[in-house]
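Asker: Structure incoming, see below.
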Amino acid sequence: MPNRNTANAHWTRRTHLLRADEYICSRCRRSFAQPTAFCPACGAQMGKTKSDAHWLLEAEVLNMIMDDEEW
Ligand SMILES: [Zn+2]
């Protein structure tokens with residue numbers, strides 16, 4: 001039986017195009033520069049790190065900006 005207070009948390013790795021990656025706690029939604037075994041903010045025990053393709057969105061936005069330029 002998993003402990004209800006510490007189970008079901010994970011880091012979401014958010015990869016950015018123009019700045020450092022961050023890891024977001026699934027429980028308290030705070031972000032940190034490094035993934036740790038326990039969330040420093042809410043103390044949740046972390047399972048697998050999931051990745052977030054947020055940088056793809058940022059790349060798309062960049063492309064749109066580039067497309068606006070008329071050469
Ligand atoms: Zn947390």
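By order of appearance in the structure tokens: chains A, B, ..., then residues from 1 within every chain, and ligands from 1 in the order shown.
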Do a neighbour search on Gln34 in chain A at 10 Å with only C-alpha atoms, toss out local chain neighbours closer than 2 positions, and write the hits as a list in words.
Answerer: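 Result of the neighbour search: Trp11, Arg13, Asp21, Glu22, Tyr23, Ile24, Ser31, Phe32 and Thr36 of chain A.
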Asker: Those same residues - N, CA and C atoms - I'd like them written as a PDB file, in the first residue's frame.
Answerer:
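Once written, selection.pdb looks like this:
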```
ATOM      1  N   TRP A  11       8.813  14.444 -11.386  1.00  0.00           N
ATOM      2  CA  TRP A  11       9.321  15.668 -11.994  1.00  0.00           C
ATOM      3  C   TRP A  11       8.907  15.715 -13.452  1.00  0.00           C
ATOM      4  N   ARG A  13      10.264  17.334 -16.649  1.00  0.00           N
ATOM      5  CA  ARG A  13      11.406  18.085 -17.153  1.00  0.00           C
ATOM      6  C   ARG A  13      10.933  18.994 -18.267  1.00  0.00           C
ATOM      7  N   ASP A  21      17.113  24.035 -18.538  1.00  0.00           N
ATOM      8  CA  ASP A  21      15.980  23.161 -18.239  1.00  0.00           C
ATOM      9  C   ASP A  21      15.505  23.398 -16.815  1.00  0.00           C
ATOM     10  N   GLU A  22      14.244  23.106 -16.576  1.00  0.00           N
ATOM     11  CA  GLU A  22      13.748  23.140 -15.212  1.00  0.00           C
ATOM     12  C   GLU A  22      12.933  21.884 -14.952  1.00  0.00           C
ATOM     13  N   TYR A  23      12.804  21.550 -13.695  1.00  0.00           N
ATOM     14  CA  TYR A  23      12.059  20.369 -13.281  1.00  0.00           C
ATOM     15  C   TYR A  23      10.906  20.826 -12.403  1.00  0.00           C
ATOM     16  N   ILE A  24       9.712  20.424 -12.799  1.00  0.00           N
ATOM     17  CA  ILE A  24       8.521  20.906 -12.109  1.00  0.00           C
ATOM     18  C   ILE A  24       7.887  19.775 -11.318  1.00  0.00           C
ATOM     19  N   SER A  31       9.100  24.806  -9.558  1.00  0.00           N
ATOM     20  CA  SER A  31      10.141  24.344 -10.466  1.00  0.00           C
ATOM     21  C   SER A  31      11.524  24.538  -9.860  1.00  0.00           C
ATOM     22  N   PHE A  32      12.408  23.611 -10.211  1.00  0.00           N
ATOM     23  CA  PHE A  32      13.771  23.616  -9.697  1.00  0.00           C
ATOM     24  C   PHE A  32      14.740  23.326 -10.828  1.00  0.00           C
ATOM     25  N   THR A  36      15.484  16.081  -7.692  1.00  0.00           N
ATOM     26  CA  THR A  36      15.967  15.446  -6.468  1.00  0.00           C
ATOM     27  C   THR A  36      15.031  14.291  -6.108  1.00  0.00           C
TER      28      THR A  36
END
```
Asker: Given a cut-off of 9 Å, what residues near ligand 1 show up using only C-alpha atoms and all ligand atoms, put as a list in words?
Answerer: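 Based on only C-alpha atoms and all ligand atoms, ligand 1 is surrounded within 9 Å by Ala9, His10, Trp11, Ile24, Cys25, Ser26, Arg27, Cys28, Arg29, Arg30, Ser31, Phe38, Cys39, Pro40, Ala41, Cys42, Gly43, Ala44, Gln45 and Met46 of chain A.
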Asker: Using only C-alpha atoms, find the one residue out of A:Lys48, A:Ala37, A:Leu56, A:Asp68 that sits nearest to Thr12 in chain A.
Answerer: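 Checking each of A:Lys48, A:Ala37, A:Leu56, A:Asp68 against Thr12 in chain A, counting only C-alpha atoms, the winner is A:Lys48.
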Asker: Could you tell me, as a list of chain:residue names, which residues of chain A DSSP assigns to alpha helix (DSSP H) when given the backbone?
Answerer: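 Across chain A, those assigned alpha helix (DSSP H) are A:His54, A:Trp55, A:Leu56, A:Leu57, A:Glu58, A:Ala59, A:Glu60, A:Val61, A:Leu62, A:Asn63, A:Met64, A:Ile65, A:Met66, A:Asp67, A:Asp68.
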Asker: Give me, as a list of chain:residue names, the residues of range 4-60 of chain A that a backbone DSSP run labels strand (DSSP E).
Answerer: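 Of range 4-60 of chain A, only A:Trp11, A:Thr12, A:Arg13, A:Arg14, A:Glu22, A:Tyr23, A:Ile24, A:Cys25, A:Ser31, A:Phe32, A:Lys50, A:Ser51, A:Asp52 fall in strand (DSSP E).
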Asker: Restricting the output to C-alpha atoms, write the selected residues as a compact mmCIF listing (two decimals), in the first residue's frame.
Answerer:
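Output saved as result_6.txt:
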```
# COMPACT_ATOMS: atom_id res chain seq x y z
CA TRP A 11 9.32 15.67 -11.99
CA THR A 12 8.31 17.06 -15.31
CA ARG A 13 11.41 18.08 -17.15
CA ARG A 14 10.70 21.23 -19.08
CA GLU A 22 13.75 23.14 -15.21
CA TYR A 23 12.06 20.37 -13.28
CA ILE A 24 8.52 20.91 -12.11
CA CYS A 25 6.98 19.06 -9.18
CA SER A 31 10.14 24.34 -10.47
CA PHE A 32 13.77 23.62 -9.70
CA LYS A 50 8.64 12.89 -17.39
CA SER A 51 9.60 15.17 -20.18
CA ASP A 52 7.67 18.05 -21.53
```
Asker: Need the shell around Glu58 in chain A: protein/DNA/RNA residues with any atom at most 12 Å away, counting only C-alpha atoms. Skip same-chain ones fewer than 2 positions apart. Format as a PyMOL selection string?
Answerer: chain A and resi 14-19+52-56+60-65
Asker: Kindly export the residues of the current selection with C-alpha atoms, as a CSV table (one decimal), in the first residue's frame.
Answerer:
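Listing of selection_15.csv after writing:
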```csv
chain,number,residue,atom,x,y,z
A,14,ARG,CA,10.7,21.2,-19.1
A,15,THR,CA,13.3,21.8,-21.8
A,16,HIS,CA,13.7,25.3,-23.0
A,17,LEU,CA,15.3,26.5,-26.1
A,18,LEU,CA,16.8,29.7,-24.8
A,19,ARG,CA,17.4,28.9,-21.1
A,52,ASP,CA,7.7,18.1,-21.5
A,53,ALA,CA,8.1,19.0,-25.2
A,54,HIS,CA,7.6,22.7,-24.3
A,55,TRP,CA,10.7,23.6,-26.3
A,56,LEU,CA,8.9,22.4,-29.5
A,60,GLU,CA,7.5,27.0,-33.3
A,61,VAL,CA,7.1,30.5,-32.0
A,62,LEU,CA,10.6,31.3,-33.1
A,63,ASN,CA,9.8,30.0,-36.6
A,64,MET,CA,6.8,32.2,-36.7
A,65,ILE,CA,8.9,35.2,-35.8
```
